[in-house]
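Trainee: One structure is given below, represented as structure tokens, and several questions about it will come after.
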Amino acid sequence: MGVTMNAPAWLTARPIAHRGLHDRAAGIPENTCAAARAAIAGGYAIECDVQLSADGEAMVFHDDALGRLTEATDPIGTRSASDLAGLAIAGTSERIPTLADFLSIIAGQVPIVIEVKSRFSGDLRLTRRVVDVVSPYDGPAAVKSFDPAVVAALAELAPAIPRGMVGESNQDDASYASLSPSFRRSLANLLHLGETRPHFLSWRVDDLPCAATFLCRHLAGMPLMTWTVRNQDHRALAAAHSDQMVFEGFRP
């Protein structure tokens, strides 16, 4: 299936804390340095998201817009990295870190899996910036995305960095609304493997088991992590049909 390198064992060795080991009620917001430190203290791998700032920096933040977690409401891509670094997250002293700063906190202590956010627009500026930041990093790191164009670019730009394809079987999220039915079928059935050549998959837990991930896992030996595991039913699905879970809201 076009897989050119076996995924490293560390990728699925430990449960992966979704956006870090965050607990908003305890003053530890998602995708912050505090959430990274909490995951490190617990011995968990870390998953984080990155978005592009107006001046081309990779920022650790999930949403397209700032309103859910900060007092600002505009799109994250309209603000510079220095401007974003001044915004308080969820009323705490935590700020939006750059990916470089986030990696400096982790410093190879636990694995990091970085999701490159995308609008399926063909814009690869964020992908290139992530490669620039991750390539010299001295620690276990992988990069993944929902966007086949991003993962295919990673294969060309940084073939030595473990890369993963994120997906789900039913594109019922509003973010897919602008995509054609044929493209959505390609995403759901991993019809892009010849171009993306992923080393691992990351699939929505509610969609397991499914044919696409079963075939990749059992015929191609491609490790499968599953997201986001939040309850006992999810844990049972993860244990039966994946190699590791991306978890939230409890400690495995």
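Ordered as shown in the structure tokens, chains take letters A, B, and onward, while each chain numbers its residues from 1 and ligands are numbered from 1 in the order shown.
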Please provide as number ranges by chain all residues within 12 Å of segment 181-197 of chain A, with the sequence filter that same-chain residues fewer than 5 positions apart are discarded (counting only C-alpha atoms).
Mentor: A: 1-7, 120, 144-156, 159, 162-173, 175-176, 202-204, 207, 210-216, 220, 222
Trainee: Report as JSON lines: every residue of segment 95-198 of chain A with an atom at most 12 Å from segment 73-84 of chain A, its closest pair of atoms, and their distance in Å to one decimal, counting only C-alpha atoms, with rows sorted by chain and ascending residue number.
Mentor:
```
{"residue": "A:Arg95", "atom": "CA", "partner": "A:Leu84", "partner_atom": "CA", "distance": 7.7}
{"residue": "A:Ile96", "atom": "CA", "partner": "A:Leu84", "partner_atom": "CA", "distance": 6.2}
{"residue": "A:Pro97", "atom": "CA", "partner": "A:Leu84", "partner_atom": "CA", "distance": 8.3}
{"residue": "A:Thr98", "atom": "CA", "partner": "A:Ala81", "partner_atom": "CA", "distance": 7.4}
{"residue": "A:Leu99", "atom": "CA", "partner": "A:Ala81", "partner_atom": "CA", "distance": 10.7}
{"residue": "A:Ala100", "atom": "CA", "partner": "A:Ala81", "partner_atom": "CA", "distance": 11.7}
{"residue": "A:Asp101", "atom": "CA", "partner": "A:Ala81", "partner_atom": "CA", "distance": 11.7}
{"residue": "A:Lys117", "atom": "CA", "partner": "A:Gly77", "partner_atom": "CA", "distance": 11.7}
{"residue": "A:Ser118", "atom": "CA", "partner": "A:Gly77", "partner_atom": "CA", "distance": 11.7}
{"residue": "A:Arg119", "atom": "CA", "partner": "A:Gly77", "partner_atom": "CA", "distance": 11.9}
{"residue": "A:Arg125", "atom": "CA", "partner": "A:Gly77", "partner_atom": "CA", "distance": 11.8}
{"residue": "A:Leu126", "atom": "CA", "partner": "A:Gly77", "partner_atom": "CA", "distance": 10.8}
```
Trainee: Restricting it to C-alpha atoms, dump the selection as a tab-separated table (two decimals), in the first residue's frame.
Mentor:
```
chain	number	residue	atom	x	y	z
A	95	ARG	CA	-0.86	31.55	26.55
A	96	ILE	CA	-0.99	30.13	23.03
A	97	PRO	CA	2.46	28.57	22.49
A	98	THR	CA	4.35	28.28	19.26
A	99	LEU	CA	5.10	24.72	18.25
A	100	ALA	CA	8.79	25.39	18.85
A	101	ASP	CA	8.09	26.51	22.43
A	117	LYS	CA	-5.07	21.60	10.78
A	118	SER	CA	-6.26	22.23	7.24
A	119	ARG	CA	-9.14	23.72	5.27
A	125	ARG	CA	2.52	26.99	4.44
A	126	LEU	CA	1.69	25.45	7.80
```
Trainee: Write out as number ranges by chain which residues come within 7 Å of segment 232-246 of chain A when counting only C-alpha atoms, dropping same-chain ones fewer than 2 positions away.
Mentor: A: 12, 15-18, 205, 208-209, 223-230
Trainee: Provide the atom CA of Arg129 of chain A to atom CA of Ile106 of chain A distance in Å, to one decimal place.
Mentor: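 Atom CA of Ile106 of chain A lies at a distance of 18.6 Å from atom CA of Arg129 of chain A.
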Trainee: Choose the residue, out of A:Arg251, A:Ala90, A:Ala13, A:Leu219, that has the smallest atom-to-atom separation from Asn231 of chain A; count only C-alpha atoms.
Mentor: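 Closest residue, counting only C-alpha atoms: A:Arg251.
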Trainee: Output as a list in words all residues of segment 32-63 of chain A that backbone DSSP marks as strand (DSSP E or B).
Mentor: Ala45, Ile46, Glu47, Cys48, Asp49, Val50, Gln51, Leu52, Ala58, Met59 and Val60 of chain A
Trainee: What does the distance from atom CA of Phe247 of chain A to atom CA of Cys48 of chain A come to in Å, to one decimal?
Mentor: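 Atom-to-atom, atom CA of Phe247 of chain A and atom CA of Cys48 of chain A are spaced 12.1 Å apart.
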Trainee: Could you tell me which of A:Arg217, A:His199, A:Arg128, A:Arg19 comes closest to Ile114 of chain A if we count only C-alpha atoms?
Mentor: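 Distance minimum relative to Ile114 of chain A lands on A:Arg19.
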Trainee: Between atom CA of Glu248 of chain A and atom CA of Asp132 of chain A, what is the distance, to one decimal in Å?
Mentor: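 According to the coordinates, atom CA of Glu248 of chain A and atom CA of Asp132 of chain A are separated by 29.0 Å.
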Trainee: Of the residues A:Ala85, A:Leu21, A:Leu179, A:Val133, which is the one nearest to Ala35 of chain A, using only C-alpha atoms?
Mentor: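 Answer, going by the shortest atom-to-atom distance: A:Leu21.
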Trainee: When DSSP works through the backbone of this structure, what residues of segment 13-250 of chain A end up as alpha helix (DSSP H), shown as a ChimeraX atom specification?
Mentor: /A:33-42,81-84,99-106,125-134,148-157,181-189,193-196,211-219,232-241
Trainee: Have a look at A:Val130, A:Val116, A:Ala41, A:Cys33 and name the one nearest to Thr92 of chain A; count only C-alpha atoms.
Mentor: A:Cys33
Trainee: Find the residue from A:Glu94, A:Pro8, A:Val110, A:Arg68 that sits nearest to Ala34 of chain A; use only C-alpha atoms when measuring.
Mentor: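 Result for the nearest residue to Ala34 of chain A: A:Glu94.
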